[in-house]
Amino acid sequence: MSIEILMPALSPTMEEGTLAKWLVKEGDEVKSGDVIAEIETDKATMEVEAADEGTVEKIVVPEGTENVKVNAVIALLAGDDDLPAKKKPEQNADVAAEPVTKKDEKKQEKPAAPKAQIVEVAADPDLPEGTEFVKQTVREALRDAMAEEMRRDENVFVMGEEVAQYEGAYKVTQGLLAEFGDRRVVDTPITEHGFAGLGVGAAFAGLRPIVEFMTFNFAMQAIDQIINSAAKTRYMSGGQMSSPIVFRGPNGPASRVGAQHSHDYASWYAHIPGLIVIAPYSAADAKGLLKAAIRDPNPVIFLENEVLYGKTFDVPKFDDFVLPIGKARVMKEGKDVTLVSHSHGIVYCLEAMARLQEEGLDVELIDLRTIRPLDIDTIIASVKKTNRLVTVEETWPVCGIGAEIAARVQADAFDFLDAPILRVTQKDVPMPYAANLEKLALPSADDVVEAVKAVCYR
Amino acid sequence: MASRTSSKAAARKPAKKPAAKPVKKKDAGMDLSSKAELQAYRDMLLIRRFEEKAGQMYGMGLIGGFCHLYIGQEAVVVGMQMAIEEGDQVITGYRDHGHMLACGMDPKGVMAELTGREGGYSRGKGGSMHMFSRNKNFYGGHGIVGAQVPIGTGLAFANRYRGNDRVCLAYFGDGAANQGQVYESFNMAELWSLPVVYVIENNQYAMGTSVARASAQTNLSKRGASFNIPGEQVDGMDVRAVRAAGEKAVQSCRAGNGPYILEMMTYRYRGHSMSDPAKYRAKEEVARMRQEHDPIEQVRTRLLTGKHVTEDELKEIDKEIKAIVNDAAEFAQLSPEPDPSELWTDVLAGA
């Protein structure tokens, strides 16, 4: 019996990758621990080690194949005849693979799970007609935004853990060290409080630091400097001293990383006067708004999303694409109900809207893009048209962005509401690790469908 | 801490051991010219009279909130200021009035900020602990204990980034010396050879807690040892010693040798803030420091015994200083409160 070698998952959020190279051929003997293949993800090239001994019987997926799904069979190994025949997954020594039984179950339960349908979103209507686009991932768009601004302004520099030689823990700063050198792309020790404060000082002195947090979960170590020093000093100095600084990095739940690495901080920072808070969904918004953030004279919290880093979008092909801060985007117009979300929350909305469309509900979707200052006018205008509102976000419900929007809308458009405002959020518990519990804790397209139907009394 | 009251600490017995241990004087090469001594006398006296007036005005209800007086520590900022040049930066914590005056900020603007008036440096929106002056390179005025240390390190980072030879003086106290972010800053400053002098003003008490009760290593000049940052203890009551140590440290920074630590052995005569009865130390301890180590009296005695100046000339200076402080106090009371519209300004800078 053959042993199946499966495409391994090399990061918490990896879904597929390129089988870049086979280092063995059919007929080769392999021992456990031998490097047998190289796999490219959108972040890096990784080596795959054999976890079993045997002879390579068949290479199922030839090298150079792109978009190989995690857990697809990539080769077969003829095992030791003395051993009882069984299937064994191949795994990278550094990455914990899922147990065999679970993989088998998965395959049985979900034979080629169809990709969820989502509604099509038209290009940003604010863009001039005839705009050309390039396909870019959010990760590339963010990198280009930083590189363009660093070319434009000598005062812009980027600092953080692993941003230079490692090229970013999530590869967002790829190529920056090579272009700008270690004076402007600065690897820091693991010292969030210290380097956040150092960045504020550099900003007081007139530089334009981009401070990357490996994730915003670690920025809690630095939150005093962000709030007490960066956000409040302009006011406390009567306008004399400002902090033109960007704090950026992935925020919110990724996948199976547990309670301390899954926290969405949008509402924490949105609470603070003196800060600007941006949380884009698309690559185009990521680029245009990060460029705007770097140019802004105020401290900006730029919340990215790990799950979205590898997603590809159309990005306008402009020499200098800068978007206005504080402006929401109506992603799709509709007449029955308004959905307001941001960042990865949009993913749930788009999937839910495809299903709601089939049921004859015409949903208007607003991507906030900027959380503070909140573009309440766009929300109010939409609610006055649809008379119903559902908010969607990946943080907890209490004092969240949805709570703030509900308060503002009931004050400004009370007479226009035909139903209570509902919020779709993460459940009010720390993020569990177990796959099934994590799924229950996160908001979902199902939750959005249910909330939209509820406000439509359907 | 700037915002903590001291009722608990006050209830405790006075600390047994008085602290200030002025370091042995290194007289050689330390002496100041009589002209420099006279300037130091004037600068220190301005701070003392200003602080006395601020204390008085606090008592009259003209100054609100917290007010941390610098009386006793004047030699530290005045001596350090003599060691730096135009363009070098200064940053400190919440006991900041002395630093601002030493940097050459206008006493009127400082006092009017204490009274929360339009004529204050922050137009009344900062208060005692939060004042800044871009012109005078004074970067605050920070109310969170220790927060100024990474910020000062960042000012030094900007100097290195720009390739100029400016130096930043980052002041903090013996209390802040126990904050983690101080050591995060030491590490980066040495790693990147940043031009920053860490001036630890060891006034012996972090609010009501003596250094010995809070610090495993009470010699704070050694706190940079594991980062290879040189450190020295300095008699912070002697302006000559401060200036000499300051010059050495600043020159080392300017030459690109990385950070330097100076532990200034000093003493505050008043409580931590205006609301601190200072029951954690004996009255005799304070009296002895005043009598034997007062930074202003030391200079005054040297000037008189060296016959560089007459009693009358000193009285003339005293009179001038008194007039400056009275003008500041008057300005601070006559300046109007900020316009209500100011509530909404300066939150964000216009793009």
# chains A, B, ... in the order shown; residues from 1 in each chain; ligands from 1
>>> interface_residues(of="chain A", to="chain B", cutoff="9 Å", atoms="only C-alpha atoms", output="ChimeraX atom specification")
/A:155,183-184,188-207,224-225,228-229,231-242,273-276,295-299
>>> residues_around(residues="Val158 of chain A", least_positions_apart="6", cutoff="10 Å", atoms="only C-alpha atoms", output="JSON, numbers by chain")
{"A": [146, 147, 150, 164, 173, 176, 177, 180, 182, 183, 184, 185, 186, 187, 199, 208, 209, 210, 211, 212, 246, 247]}
>>> residues_around(residues="Ala36 of chain B", least_positions_apart="5", cutoff="12 Å", atoms="only C-alpha atoms", output="JSON, numbers by chain")
{"B": [30, 31, 41, 42, 43, 78, 79, 81, 82, 83, 239, 240, 243, 299, 303, 308]}
>>> write_last_selection(atoms="N, CA and C atoms", output="PDB file, in the first residue's frame")
ATOM      1  N   MET B  30      37.208  71.542  37.296  1.00  0.00           N
ATOM      2  CA  MET B  30      35.778  71.653  37.473  1.00  0.00           C
ATOM      3  C   MET B  30      35.333  73.103  37.649  1.00  0.00           C
ATOM      4  N   ASP B  31      36.285  73.922  38.081  1.00  0.00           N
ATOM      5  CA  ASP B  31      35.922  75.284  38.462  1.00  0.00           C
ATOM      6  C   ASP B  31      35.324  76.075  37.308  1.00  0.00           C
ATOM      7  N   TYR B  41      24.290  81.307  39.256  1.00  0.00           N
ATOM      8  CA  TYR B  41      23.574  81.825  40.424  1.00  0.00           C
ATOM      9  C   TYR B  41      22.241  82.431  40.001  1.00  0.00           C
ATOM     10  N   ARG B  42      22.318  83.236  38.974  1.00  0.00           N
ATOM     11  CA  ARG B  42      21.119  83.906  38.474  1.00  0.00           C
ATOM     12  C   ARG B  42      20.087  82.874  37.970  1.00  0.00           C
ATOM     13  N   ASP B  43      20.552  81.911  37.187  1.00  0.00           N
ATOM     14  CA  ASP B  43      19.636  80.914  36.605  1.00  0.00           C
ATOM     15  C   ASP B  43      18.994  80.041  37.693  1.00  0.00           C
ATOM     16  N   VAL B  78      20.623  73.532  35.594  1.00  0.00           N
ATOM     17  CA  VAL B  78      21.446  74.686  35.224  1.00  0.00           C
ATOM     18  C   VAL B  78      22.838  74.219  34.789  1.00  0.00           C
ATOM     19  N   GLY B  79      23.409  73.272  35.515  1.00  0.00           N
ATOM     20  CA  GLY B  79      24.725  72.743  35.142  1.00  0.00           C
ATOM     21  C   GLY B  79      24.689  72.021  33.809  1.00  0.00           C
ATOM     22  N   GLN B  81      22.534  72.465  31.379  1.00  0.00           N
ATOM     23  CA  GLN B  81      22.290  73.415  30.294  1.00  0.00           C
ATOM     24  C   GLN B  81      23.591  74.103  29.865  1.00  0.00           C
ATOM     25  N   MET B  82      24.504  74.292  30.839  1.00  0.00           N
ATOM     26  CA  MET B  82      25.797  74.909  30.515  1.00  0.00           C
ATOM     27  C   MET B  82      26.652  73.982  29.645  1.00  0.00           C
ATOM     28  N   ALA B  83      26.280  72.681  29.654  1.00  0.00           N
ATOM     29  CA  ALA B  83      27.099  71.708  28.928  1.00  0.00           C
ATOM     30  C   ALA B  83      26.627  71.473  27.494  1.00  0.00           C
ATOM     31  N   VAL B 239      26.821  72.804  41.116  1.00  0.00           N
ATOM     32  CA  VAL B 239      26.631  73.110  39.700  1.00  0.00           C
ATOM     33  C   VAL B 239      27.917  72.908  38.896  1.00  0.00           C
ATOM     34  N   ARG B 240      29.066  73.079  39.562  1.00  0.00           N
ATOM     35  CA  ARG B 240      30.343  72.881  38.856  1.00  0.00           C
ATOM     36  C   ARG B 240      30.530  71.413  38.481  1.00  0.00           C
ATOM     37  N   ARG B 243      28.146  70.516  35.642  1.00  0.00           N
ATOM     38  CA  ARG B 243      28.592  71.049  34.343  1.00  0.00           C
ATOM     39  C   ARG B 243      29.768  70.229  33.808  1.00  0.00           C
ATOM     40  N   VAL B 299      27.149  78.482  45.598  1.00  0.00           N
ATOM     41  CA  VAL B 299      27.664  79.434  44.607  1.00  0.00           C
ATOM     42  C   VAL B 299      27.811  80.813  45.232  1.00  0.00           C
ATOM     43  N   LEU B 303      31.196  82.980  45.500  1.00  0.00           N
ATOM     44  CA  LEU B 303      31.290  84.297  44.862  1.00  0.00           C
ATOM     45  C   LEU B 303      31.727  85.357  45.864  1.00  0.00           C
ATOM     46  N   HIS B 308      34.376  87.992  44.188  1.00  0.00           N
ATOM     47  CA  HIS B 308      34.031  88.231  42.782  1.00  0.00           C
ATOM     48  C   HIS B 308      32.831  89.155  42.671  1.00  0.00           C
TER      49      HIS B 308
END
>>> residues_around(residues="Ala176 of chain B", least_positions_apart="2", cutoff="6 Å", atoms="only C-alpha atoms", output="PyMOL selection string")
chain B and resi 145-146+173-174+178-179
>>> write_last_selection(atoms="C-alpha atoms", output="mmCIF file, in the first residue's frame")
data_model
loop_
_atom_site.group_PDB
_atom_site.id
_atom_site.type_symbol
_atom_site.label_atom_id
_atom_site.label_comp_id
_atom_site.auth_asym_id
_atom_site.auth_seq_id
_atom_site.Cartn_x
_atom_site.Cartn_y
_atom_site.Cartn_z
ATOM 1 C CA VAL B 145 6.607 58.248 34.687
ATOM 2 C CA GLY B 146 9.362 57.042 32.355
ATOM 3 C CA GLY B 173 14.040 60.400 38.282
ATOM 4 C CA ASP B 174 15.076 57.591 40.572
ATOM 5 C CA ASN B 178 12.659 51.254 37.647
ATOM 6 C CA GLN B 179 10.373 51.386 34.608
#
>>> closest_residue(among="A:Gly400, A:Lys384, A:Val363, A:Ala259", to="Asp415 of chain A", atoms="only C-alpha atoms")
A:Lys384
>>> closest_residue(among="B:Ala225, B:Gly271, B:Ala244, B:Gly231", to="Tyr205 of chain B", atoms="only C-alpha atoms")
B:Gly271
>>> residues_around(residues="Leu334 of chain B", least_positions_apart="5", cutoff="12 Å", atoms="only C-alpha atoms", output="list of chain:residue names")
B:Leu62, B:Lys108, B:Met111, B:Ala112, B:Thr115, B:Gly116, B:Arg117, B:Glu118, B:Gly119, B:Gly120, B:Asp327, B:Ala328, B:Ala329
>>> select_by_dssp(residues="segment 294-350 of chain B", states="helix (DSSP H, G or I)", output="compact mmCIF listing (two decimals) with all heavy atoms, in the first residue's frame")
# COMPACT_ATOMS: atom_id res chain seq x y z
N PRO B 295 22.41 74.20 46.62
CA PRO B 295 23.17 74.52 45.40
C PRO B 295 23.36 76.02 45.19
O PRO B 295 24.40 76.44 44.68
CB PRO B 295 22.29 73.93 44.28
CG PRO B 295 20.93 73.76 44.86
CD PRO B 295 21.14 73.51 46.32
N ILE B 296 22.39 76.81 45.62
CA ILE B 296 22.50 78.25 45.40
C ILE B 296 23.45 78.88 46.43
O ILE B 296 24.29 79.70 46.08
CB ILE B 296 21.10 78.91 45.44
CG1 ILE B 296 20.22 78.29 44.33
CG2 ILE B 296 21.21 80.42 45.28
CD1 ILE B 296 18.79 78.75 44.32
N GLU B 297 23.30 78.43 47.68
CA GLU B 297 24.17 78.96 48.74
C GLU B 297 25.64 78.67 48.46
O GLU B 297 26.51 79.48 48.72
CB GLU B 297 23.78 78.38 50.11
CG GLU B 297 22.62 79.12 50.78
CD GLU B 297 22.85 80.63 50.84
OE1 GLU B 297 23.93 81.06 51.30
OE2 GLU B 297 21.95 81.39 50.41
N GLN B 298 25.88 77.46 47.88
CA GLN B 298 27.27 77.10 47.55
C GLN B 298 27.89 78.12 46.61
O GLN B 298 29.02 78.58 46.82
CB GLN B 298 27.33 75.73 46.88
CG GLN B 298 27.09 74.55 47.80
CD GLN B 298 27.31 73.23 47.06
OE1 GLN B 298 28.27 73.07 46.32
NE2 GLN B 298 26.40 72.28 47.27
N VAL B 299 27.15 78.48 45.60
CA VAL B 299 27.66 79.43 44.61
C VAL B 299 27.81 80.81 45.23
O VAL B 299 28.82 81.50 45.06
CB VAL B 299 26.74 79.50 43.37
CG1 VAL B 299 27.23 80.55 42.39
CG2 VAL B 299 26.65 78.15 42.70
N ARG B 300 26.82 81.17 46.01
CA ARG B 300 26.81 82.48 46.66
C ARG B 300 28.04 82.64 47.56
O ARG B 300 28.74 83.65 47.50
CB ARG B 300 25.52 82.58 47.48
CG ARG B 300 25.26 83.91 48.11
CD ARG B 300 23.98 83.86 48.96
NE ARG B 300 23.97 84.96 49.89
CZ ARG B 300 23.50 86.16 49.58
NH1 ARG B 300 22.97 86.38 48.40
NH2 ARG B 300 23.55 87.14 50.45
N THR B 301 28.31 81.60 48.34
CA THR B 301 29.45 81.65 49.24
C THR B 301 30.76 81.77 48.45
O THR B 301 31.63 82.57 48.79
CB THR B 301 29.48 80.37 50.11
OG1 THR B 301 28.21 80.23 50.74
CG2 THR B 301 30.58 80.45 51.17
N ARG B 302 30.87 80.99 47.40
CA ARG B 302 32.11 81.04 46.60
C ARG B 302 32.29 82.42 45.98
O ARG B 302 33.39 82.97 45.97
CB ARG B 302 32.06 80.00 45.49
CG ARG B 302 32.51 78.61 45.93
CD ARG B 302 32.89 77.75 44.73
NE ARG B 302 31.81 77.57 43.78
CZ ARG B 302 30.89 76.60 43.85
NH1 ARG B 302 30.91 75.74 44.85
NH2 ARG B 302 29.94 76.51 42.94
N LEU B 303 31.20 82.98 45.50
CA LEU B 303 31.29 84.30 44.86
C LEU B 303 31.73 85.36 45.86
O LEU B 303 32.55 86.23 45.56
CB LEU B 303 29.94 84.69 44.24
CG LEU B 303 29.58 83.99 42.93
CD1 LEU B 303 28.11 84.26 42.58
CD2 LEU B 303 30.48 84.46 41.79
N LEU B 304 31.17 85.26 47.08
CA LEU B 304 31.49 86.28 48.09
C LEU B 304 32.88 86.08 48.66
O LEU B 304 33.65 87.04 48.78
CB LEU B 304 30.44 86.25 49.21
CG LEU B 304 29.06 86.80 48.83
CD1 LEU B 304 28.04 86.55 49.93
CD2 LEU B 304 29.13 88.28 48.48
N THR B 305 33.23 84.84 49.01
CA THR B 305 34.55 84.62 49.61
C THR B 305 35.67 84.88 48.59
O THR B 305 36.74 85.34 48.96
CB THR B 305 34.70 83.19 50.18
OG1 THR B 305 34.33 82.27 49.16
CG2 THR B 305 33.83 82.97 51.40
N GLU B 311 27.95 91.87 48.31
CA GLU B 311 26.60 91.58 48.81
C GLU B 311 25.57 92.43 48.07
O GLU B 311 24.50 91.97 47.70
CB GLU B 311 26.51 91.90 50.32
CG GLU B 311 27.16 90.88 51.22
CD GLU B 311 26.22 89.76 51.63
OE1 GLU B 311 25.09 89.70 51.09
OE2 GLU B 311 26.61 88.91 52.46
N ASP B 312 25.93 93.68 47.87
CA ASP B 312 25.00 94.60 47.20
C ASP B 312 24.71 94.17 45.77
O ASP B 312 23.57 94.24 45.30
CB ASP B 312 25.58 96.03 47.19
CG ASP B 312 25.43 96.68 48.56
OD1 ASP B 312 24.69 96.10 49.40
OD2 ASP B 312 26.04 97.73 48.79
N GLU B 313 25.77 93.70 45.10
CA GLU B 313 25.55 93.25 43.71
C GLU B 313 24.62 92.05 43.69
O GLU B 313 23.76 91.93 42.80
CB GLU B 313 26.89 92.92 43.05
CG GLU B 313 27.65 94.18 42.64
CD GLU B 313 29.09 93.87 42.22
OE1 GLU B 313 29.79 93.12 42.95
OE2 GLU B 313 29.51 94.40 41.18
N LEU B 314 24.81 91.15 44.64
CA LEU B 314 23.93 89.97 44.70
C LEU B 314 22.50 90.39 45.01
O LEU B 314 21.53 89.85 44.47
CB LEU B 314 24.43 88.96 45.73
CG LEU B 314 25.69 88.18 45.34
CD1 LEU B 314 26.05 87.17 46.43
CD2 LEU B 314 25.51 87.45 44.01
N LYS B 315 22.36 91.37 45.89
CA LYS B 315 21.02 91.87 46.23
C LYS B 315 20.34 92.44 45.00
O LYS B 315 19.14 92.29 44.79
CB LYS B 315 21.13 92.95 47.32
CG LYS B 315 20.99 92.35 48.71
CD LYS B 315 20.82 93.44 49.76
CE LYS B 315 20.99 92.81 51.14
NZ LYS B 315 21.73 93.67 52.06
N GLU B 316 21.15 93.09 44.18
CA GLU B 316 20.62 93.65 42.94
C GLU B 316 20.07 92.54 42.04
O GLU B 316 18.99 92.66 41.46
CB GLU B 316 21.75 94.43 42.22
CG GLU B 316 21.29 95.47 41.22
CD GLU B 316 20.22 96.42 41.78
OE1 GLU B 316 20.35 96.94 42.92
OE2 GLU B 316 19.23 96.61 41.05
N ILE B 317 20.84 91.44 41.93
CA ILE B 317 20.37 90.29 41.14
C ILE B 317 19.08 89.73 41.74
O ILE B 317 18.10 89.45 41.02
CB ILE B 317 21.46 89.20 41.07
CG1 ILE B 317 22.66 89.71 40.28
CG2 ILE B 317 20.91 87.92 40.43
CD1 ILE B 317 23.84 88.76 40.25
N ASP B 318 19.07 89.59 43.07
CA ASP B 318 17.87 89.08 43.74
C ASP B 318 16.66 89.93 43.38
O ASP B 318 15.56 89.42 43.13
CB ASP B 318 18.05 89.08 45.27
CG ASP B 318 19.10 88.07 45.73
OD1 ASP B 318 19.71 87.42 44.86
OD2 ASP B 318 19.32 87.96 46.95
N LYS B 319 16.88 91.21 43.36
CA LYS B 319 15.78 92.13 43.05
C LYS B 319 15.27 91.94 41.62
O LYS B 319 14.07 91.90 41.36
CB LYS B 319 16.25 93.59 43.25
CG LYS B 319 15.47 94.32 44.34
CD LYS B 319 16.11 95.64 44.70
CE LYS B 319 15.73 96.77 43.75
NZ LYS B 319 16.43 98.03 44.12
N GLU B 320 16.23 91.82 40.71
CA GLU B 320 15.86 91.60 39.29
C GLU B 320 15.03 90.33 39.13
O GLU B 320 14.02 90.30 38.44
CB GLU B 320 17.12 91.45 38.42
CG GLU B 320 17.80 92.73 38.04
CD GLU B 320 19.15 92.43 37.37
OE1 GLU B 320 19.20 91.47 36.56
OE2 GLU B 320 20.13 93.12 37.69
N ILE B 321 15.52 89.27 39.78
CA ILE B 321 14.83 87.97 39.67
C ILE B 321 13.42 88.09 40.25
O ILE B 321 12.44 87.60 39.67
CB ILE B 321 15.63 86.87 40.42
CG1 ILE B 321 17.01 86.68 39.80
CG2 ILE B 321 14.84 85.56 40.48
CD1 ILE B 321 17.03 86.05 38.43
N LYS B 322 13.34 88.76 41.39
CA LYS B 322 12.04 88.92 42.03
C LYS B 322 11.07 89.64 41.11
O LYS B 322 9.90 89.27 40.99
CB LYS B 322 12.22 89.73 43.33
CG LYS B 322 11.17 89.41 44.36
CD LYS B 322 11.47 90.13 45.67
CE LYS B 322 10.26 90.02 46.57
NZ LYS B 322 10.42 90.78 47.81
N ALA B 323 11.59 90.63 40.39
CA ALA B 323 10.74 91.40 39.48
C ALA B 323 10.27 90.50 38.32
O ALA B 323 9.09 90.55 37.92
CB ALA B 323 11.51 92.60 38.94
N ILE B 324 11.18 89.68 37.79
CA ILE B 324 10.81 88.78 36.69
C ILE B 324 9.69 87.84 37.14
O ILE B 324 8.70 87.62 36.44
CB ILE B 324 12.05 87.96 36.21
CG1 ILE B 324 13.07 88.88 35.54
CG2 ILE B 324 11.62 86.85 35.25
CD1 ILE B 324 14.42 88.20 35.26
N VAL B 325 9.86 87.29 38.34
CA VAL B 325 8.88 86.32 38.85
C VAL B 325 7.54 87.01 39.15
O VAL B 325 6.47 86.48 38.83
CB VAL B 325 9.45 85.60 40.09
CG1 VAL B 325 8.37 84.78 40.79
CG2 VAL B 325 10.62 84.71 39.70
N ASN B 326 7.62 88.21 39.72
CA ASN B 326 6.38 88.93 39.99
C ASN B 326 5.64 89.28 38.70
O ASN B 326 4.42 89.18 38.63
CB ASN B 326 6.65 90.20 40.80
CG ASN B 326 6.92 89.87 42.26
OD1 ASN B 326 6.55 88.78 42.73
ND2 ASN B 326 7.58 90.77 42.97
N ASP B 327 6.40 89.66 37.68
CA ASP B 327 5.78 89.94 36.38
C ASP B 327 5.10 88.69 35.83
O ASP B 327 3.99 88.75 35.28
CB ASP B 327 6.84 90.39 35.36
CG ASP B 327 7.25 91.84 35.57
OD1 ASP B 327 6.60 92.50 36.42
OD2 ASP B 327 8.20 92.29 34.90
N ALA B 328 5.80 87.55 35.97
CA ALA B 328 5.23 86.30 35.48
C ALA B 328 3.94 85.98 36.22
O ALA B 328 2.93 85.59 35.61
CB ALA B 328 6.24 85.16 35.65
N ALA B 329 3.95 86.18 37.54
CA ALA B 329 2.77 85.89 38.35
C ALA B 329 1.61 86.80 37.97
O ALA B 329 0.46 86.37 37.88
CB ALA B 329 3.10 86.03 39.83
N GLU B 330 1.95 88.05 37.72
CA GLU B 330 0.91 89.00 37.35
C GLU B 330 0.32 88.65 35.98
O GLU B 330 -0.89 88.59 35.80
CB GLU B 330 1.49 90.42 37.34
CG GLU B 330 0.41 91.48 37.30
CD GLU B 330 1.02 92.88 37.16
OE1 GLU B 330 2.07 93.13 37.78
OE2 GLU B 330 0.43 93.68 36.42
N PHE B 331 1.23 88.38 35.04
CA PHE B 331 0.78 87.98 33.70
C PHE B 331 -0.12 86.75 33.77
O PHE B 331 -1.16 86.67 33.10
CB PHE B 331 2.01 87.69 32.83
CG PHE B 331 1.67 87.18 31.45
CD1 PHE B 331 1.27 88.05 30.44
CD2 PHE B 331 1.74 85.82 31.15
CE1 PHE B 331 0.95 87.59 29.17
CE2 PHE B 331 1.43 85.35 29.89
CZ PHE B 331 1.03 86.23 28.89
N ALA B 332 0.29 85.80 34.61
CA ALA B 332 -0.44 84.53 34.70
C ALA B 332 -1.84 84.72 35.30
O ALA B 332 -2.71 83.88 35.11
CB ALA B 332 0.35 83.54 35.55
N GLN B 333 -2.02 85.82 36.03
CA GLN B 333 -3.35 86.06 36.58
C GLN B 333 -4.20 86.95 35.68
O GLN B 333 -5.42 86.86 35.68
CB GLN B 333 -3.23 86.69 37.97
CG GLN B 333 -2.66 85.71 38.98
CD GLN B 333 -2.28 86.37 40.28
OE1 GLN B 333 -3.14 86.79 41.06
NE2 GLN B 333 -0.99 86.50 40.53
N LEU B 334 -3.51 87.79 34.90
CA LEU B 334 -4.25 88.71 34.03
C LEU B 334 -4.60 88.07 32.69
O LEU B 334 -5.59 88.44 32.06
CB LEU B 334 -3.44 89.99 33.79
CG LEU B 334 -3.24 90.85 35.04
CD1 LEU B 334 -2.38 92.07 34.69
CD2 LEU B 334 -4.58 91.29 35.62
N PRO B 340 -13.74 79.42 24.94
CA PRO B 340 -14.39 78.10 24.91
C PRO B 340 -14.21 77.35 23.60
O PRO B 340 -14.19 76.12 23.58
CB PRO B 340 -15.87 78.45 25.13
CG PRO B 340 -15.84 79.72 25.91
CD PRO B 340 -14.63 80.48 25.43
N SER B 341 -14.02 78.09 22.50
CA SER B 341 -13.83 77.41 21.21
C SER B 341 -12.52 76.60 21.20
O SER B 341 -12.35 75.68 20.40
CB SER B 341 -13.80 78.43 20.07
OG SER B 341 -12.66 79.26 20.22
N GLU B 342 -11.60 76.94 22.11
CA GLU B 342 -10.32 76.23 22.17
C GLU B 342 -10.51 74.77 22.60
O GLU B 342 -9.61 73.95 22.43
CB GLU B 342 -9.37 76.92 23.17
CG GLU B 342 -8.72 78.16 22.62
CD GLU B 342 -7.62 77.85 21.62
OE1 GLU B 342 -6.96 76.81 21.74
OE2 GLU B 342 -7.43 78.66 20.70
N LEU B 343 -11.67 74.47 23.18
CA LEU B 343 -11.95 73.08 23.57
C LEU B 343 -11.73 72.14 22.40
O LEU B 343 -11.24 71.03 22.56
CB LEU B 343 -13.39 72.98 24.07
CG LEU B 343 -13.88 71.60 24.50
CD1 LEU B 343 -13.11 71.11 25.73
CD2 LEU B 343 -15.38 71.63 24.78
N TRP B 344 -12.12 72.59 21.21
CA TRP B 344 -12.15 71.71 20.04
C TRP B 344 -10.94 71.85 19.12
O TRP B 344 -10.86 71.17 18.11
CB TRP B 344 -13.43 71.99 19.23
CG TRP B 344 -14.65 71.67 20.02
CD1 TRP B 344 -15.47 72.54 20.67
CD2 TRP B 344 -15.18 70.36 20.29
NE1 TRP B 344 -16.47 71.87 21.32
CE2 TRP B 344 -16.33 70.54 21.10
CE3 TRP B 344 -14.80 69.07 19.92
CZ2 TRP B 344 -17.10 69.46 21.55
CZ3 TRP B 344 -15.56 68.00 20.37
CH2 TRP B 344 -16.70 68.20 21.18
>>> atom_distance(atom1="atom CA of Pro8 of chain A", atom2="atom CA of Glu49 of chain A")
10.1 Å
>>> residues_around(residues="Ala278 of chain B", least_positions_apart="3", cutoff="8 Å", atoms="only C-alpha atoms", output="PDB file with N, CA, C and O atoms, in the first residue's frame")
ATOM      1  N   ALA B  10       2.210  58.545  53.626  1.00  0.00           N
ATOM      2  CA  ALA B  10       2.369  59.548  54.661  1.00  0.00           C
ATOM      3  C   ALA B  10       2.147  58.952  56.046  1.00  0.00           C
ATOM      4  O   ALA B  10       2.717  59.399  57.035  1.00  0.00           O
ATOM      5  N   GLY B 208       6.885  58.887  47.872  1.00  0.00           N
ATOM      6  CA  GLY B 208       7.230  58.645  49.273  1.00  0.00           C
ATOM      7  C   GLY B 208       8.161  57.459  49.487  1.00  0.00           C
ATOM      8  O   GLY B 208       8.445  57.098  50.625  1.00  0.00           O
ATOM      9  N   ARG B 270      10.904  70.237  48.840  1.00  0.00           N
ATOM     10  CA  ARG B 270       9.452  70.181  49.027  1.00  0.00           C
ATOM     11  C   ARG B 270       8.952  68.748  48.895  1.00  0.00           C
ATOM     12  O   ARG B 270       9.714  67.846  48.552  1.00  0.00           O
ATOM     13  N   GLY B 271       7.667  68.567  49.105  1.00  0.00           N
ATOM     14  CA  GLY B 271       7.066  67.253  48.920  1.00  0.00           C
ATOM     15  C   GLY B 271       7.048  66.873  47.451  1.00  0.00           C
ATOM     16  O   GLY B 271       7.420  67.666  46.580  1.00  0.00           O
ATOM     17  N   HIS B 272       6.605  65.669  47.188  1.00  0.00           N
ATOM     18  CA  HIS B 272       6.505  65.190  45.810  1.00  0.00           C
ATOM     19  C   HIS B 272       5.657  66.135  44.974  1.00  0.00           C
ATOM     20  O   HIS B 272       6.004  66.530  43.876  1.00  0.00           O
ATOM     21  N   ARG B 281      10.074  61.294  55.565  1.00  0.00           N
ATOM     22  CA  ARG B 281      11.457  61.650  55.869  1.00  0.00           C
ATOM     23  C   ARG B 281      11.470  62.640  57.030  1.00  0.00           C
ATOM     24  O   ARG B 281      10.489  63.357  57.267  1.00  0.00           O
TER      25      ARG B 281
END
>>> select_by_dssp(residues="segment 135-359 of chain A", states="strand (DSSP E or B)", output="ChimeraX atom specification")
/A:135-137,156-160,185-187,208-212,246-250,276-278,300-304,312-316,329-332,337-341
>>> residues_around(residues="Glu29 of chain A", least_positions_apart="6", cutoff="10 Å", atoms="only C-alpha atoms", output="NGL selection string")
:A and (53-57 or 77-78)
>>> closest_residue(among="A:Leu308, A:Ile301, A:Ile74, A:Ala20", to="Ala219 of chain A", atoms="only C-alpha atoms")
A:Ile301
>>> atom_distance(atom1="atom CA of Gln260 of chain A", atom2="atom CA of Gln165 of chain A")
26.2 Å
